[in-house]
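Here the structure comes first, spelled out in structure tokens, and everything after it is commentary.
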Amino acid sequence: FEPREIQFPESVKEQINDWLYKNITSLKARLQNLHQHQIPEYRRIIDGEPRDKNKSWPFPNCSNLVHQLAGEAVDDLAARVLQLIFGTSPLFYFQYLVTARNEEEAAHFTKKSKALQTFIDYVAYEPRELDLYTRENEWFIDSAGLGKSWMCVAPEQRIEAVYMGYETVETKTRTHFDDKTLYEGPKLIKLRYEDILIDPDVPVFEDNDPIVRVCTLKKRKLQERSFKGHFIAEKVKEILGTPDRYGPSDIKKRENAKKGITDGQDTTMAEWDIYECYFSWYHNKKKHRLIAWYHQLTKTMLNCVYNFVPDNQVPIVETRLSVDGKGFAKMLKDNQDEVSTAKNQRNDAQTWALLGINTLNPQN
């Protein structure tokens with residue numbers, strides 16, 4: 001997993017830059033209504049939140065309950081899927097597809113298989129490792145509720161200077177640090193529905209060209225990627241003065257407000273939307289698979305490398321509840337509204353009856 005910058009002429013890089021800008025702009029425009037209005041509405045339905053916080057008709061603070069039809073269906077399906085996967089041990093079964101020549105070799109194969117199974121069982125639940133249970137739980141919940149969900153499998157390497165005490169060099173005592181690899185391997189990233197930009201008319205996810213993932217980064221993350229060589233340092237410096245916004249997006253602000261979090265405008269909260277693009281490009285009669293990181297606001301390509309994933313695969317995995325990606329929020333929306341309305345009307349009718357203001361005097 002070592003990225004190699006493309007060895008194309010500058011004129012070709014300019015063509016790639018222009019092509020990426022046009023495609024990203026087009027995909028954002030086509031998916032704007034879905035991402036900014038429909039998906040937040042589906043999340044409200046799944047969470048079982050009323051459309052209005054306080055209802056004022058037929059009287060102020062009247063019944064405003066929401067029956068949890070969609071939420072129950074989502075949790076039930078996600079629990080069933082996860083129990084099918086994680087309810088057995090070992091989580092993954094390893095077996096050598098060769099015949100052992102003797103009992104000693106057979107015992108060796110068995111020992112290695114059990115070691116692999118034990119290792120995968122450990123890293124699947126360990127929060128500092130793969131943490132598969134937590135990630136896949138979020139993955140299947142979104143898939144059941146919204147119809148589609150995506151997971152990114154990204155390579156990660158955590159190397160930090162670890163304090164090792166003091167050492168004496170030429171009669172001088174100084175603090176000693178040692179570079180230590182804390183983790184090296186795959187990392188699962190649960191992607192939000194709005195983080196994926198693809199052509200809605202392409203039925204197979206892998207057939208999209210390009211496939212775009214939105215990475216929202218703060219200044220320190222941009223500088224870290226520049227320091228590690230993932231982004232070109234000069235390109236990062238060009239965009240540092242032009243963030244996309246000073247704080248979370250409007251959708252995230254509304255979600256945070258429901259949690260009691262107040263977001264404001266602050267330079268320390270500046271965010272940059274970096275578009276990670278997986279696409280093909282023909283050059284010198286060869287079809288190359290490339291990965292580019294692009295900042296649309298400044299039309300800056302932070303880096304473009306050859307696809308370093310084995311067999312040019314895209315490290316984004318899609319799961320769907322159905323073939324056409326229709327989730328429980330869309331399927332149960334009207335049912336949930338109908339049941340909730342009937343319940344609220346009964347509550348309001350009982351409230352009016354208790355007040356007795358509609359009772360007629362028989363003597364009149």
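Ordering of the structure tokens sets the chain letters (A, B, ...), residue numbers begin anew at 1 in every chain, and ligands are numbered from 1 in the order given.
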
Counting only C-alpha atoms, which residues of region 226-299 of chain A sit at most 12 Å from some atom of region 199-209 of chain A, and what is each one's closest atom pair with its distance in Å to one decimal, listed by chain and rising residue number, as CSV?
residue,atom,partner,partner_atom,distance
A:Cys277,CA,A:Asp209,CA,9.0
A:Tyr278,CA,A:Asp209,CA,7.2
A:Phe279,CA,A:Asp209,CA,5.2
A:Ser280,CA,A:Asp209,CA,6.9
A:Trp281,CA,A:Asp209,CA,9.8
A:Arg289,CA,A:Asp209,CA,10.2
A:Leu290,CA,A:Asp209,CA,10.8
A:Ile291,CA,A:Asp209,CA,11.5

Original post:
Could you pull the residues within 10 Å of Asp131 (chain A), counting only C-alpha atoms, minus those fewer than 5 positions along the same chain, as a ChimeraX atom specification?
Top reply: /A:122-126,136,187-188

Original post:
Quick one: residues within 12 Å of region 325-333 of chain A, only C-alpha atoms counted, chain neighbours fewer than 4 positions away excluded, as a ChimeraX atom specification?
Top reply: /A:38-48,66-78,140-149,200,203-205,318-321,337-340

Subject >> Close residues, His283 (chain A) itself excluded, 9 Å, only C-alpha atoms, min 3 positions apart in chain, as a PyMOL selection string >> reply: chain A and resi 8+12+286-288

**OP:** Return as a count of residues only the full set of residues in region 159-294 of chain A whose backbone-based DSSP assignment is strand (DSSP E or B).
**Re:** 65

Subject >> DSSP-assigned alpha helix (DSSP H) among region 43-135 of chain A, expressed as a PyMOL selection string >> reply: chain A and resi 43-47+69-86+103-125+132-135

Original post:
Do you know which residues are at most 9 Å from Tyr93 (chain A) counting only C-alpha atoms, after dropping those on the same chain fewer than 5 positions away, and could you put them as a PyMOL selection string?
Top reply: chain A and resi 113-114+116-117

Prev. selection, N, CA and C atoms, output as an mmCIF file, in the first residue's frame:
data_model
loop_
_atom_site.group_PDB
_atom_site.id
_atom_site.type_symbol
_atom_site.label_atom_id
_atom_site.label_comp_id
_atom_site.auth_asym_id
_atom_site.auth_seq_id
_atom_site.Cartn_x
_atom_site.Cartn_y
_atom_site.Cartn_z
ATOM 1 N N SER A 113 -4.314 -22.941 11.558
ATOM 2 C CA SER A 113 -5.703 -22.538 11.338
ATOM 3 C C SER A 113 -6.324 -21.987 12.615
ATOM 4 N N LYS A 114 -6.104 -22.678 13.737
ATOM 5 C CA LYS A 114 -6.650 -22.217 15.015
ATOM 6 C C LYS A 114 -6.033 -20.880 15.433
ATOM 7 N N LEU A 116 -4.978 -18.509 13.399
ATOM 8 C CA LEU A 116 -5.610 -17.479 12.568
ATOM 9 C C LEU A 116 -7.018 -17.178 13.063
ATOM 10 N N GLN A 117 -7.774 -18.200 13.408
ATOM 11 C CA GLN A 117 -9.138 -18.006 13.897
ATOM 12 C C GLN A 117 -9.159 -17.234 15.205
#

**OP:** Compile the contact shell of Lys235 (chain A) as a list in words: residues with an atom at most 9 Å away, counting only C-alpha atoms, same-chain residues fewer than 6 positions apart removed.
**Re:** Ser226, Thr300, Met301, Leu302 and Asn303 of chain A

Can those selected residues be exported to a file as a compact mmCIF listing (two decimals), in the first residue's frame so that it contains C-alpha atoms?
# COMPACT_ATOMS: atom_id res chain seq x y z
CA SER A 226 1.02 16.55 3.96
CA THR A 300 -6.81 22.01 -6.63
CA MET A 301 -5.71 18.39 -7.07
CA LEU A 302 -3.80 17.59 -3.88
CA ASN A 303 -2.37 14.38 -5.30

Subject >> Å distance separating CA of Trp272 (chain A) from CA of Arg213 (chain A), one decimal place >> reply: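 Distance between the two atoms: 13.3 Å.
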
Original post:
Which residues, written as number ranges by chain, have at least one atom at most 12 Å from Ile261 (chain A), with only C-alpha atoms counted and residues fewer than 6 positions away on the same chain left out?
Top reply: A: 248, 252-255

Subject >> Using only C-alpha atoms: which of A:Leu34, A:Cys152, A:Leu132, A:Ile274 has the shortest distance to His295 (chain A) >> reply: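 Smallest separation from His295 (chain A) among the options: A:Ile274.
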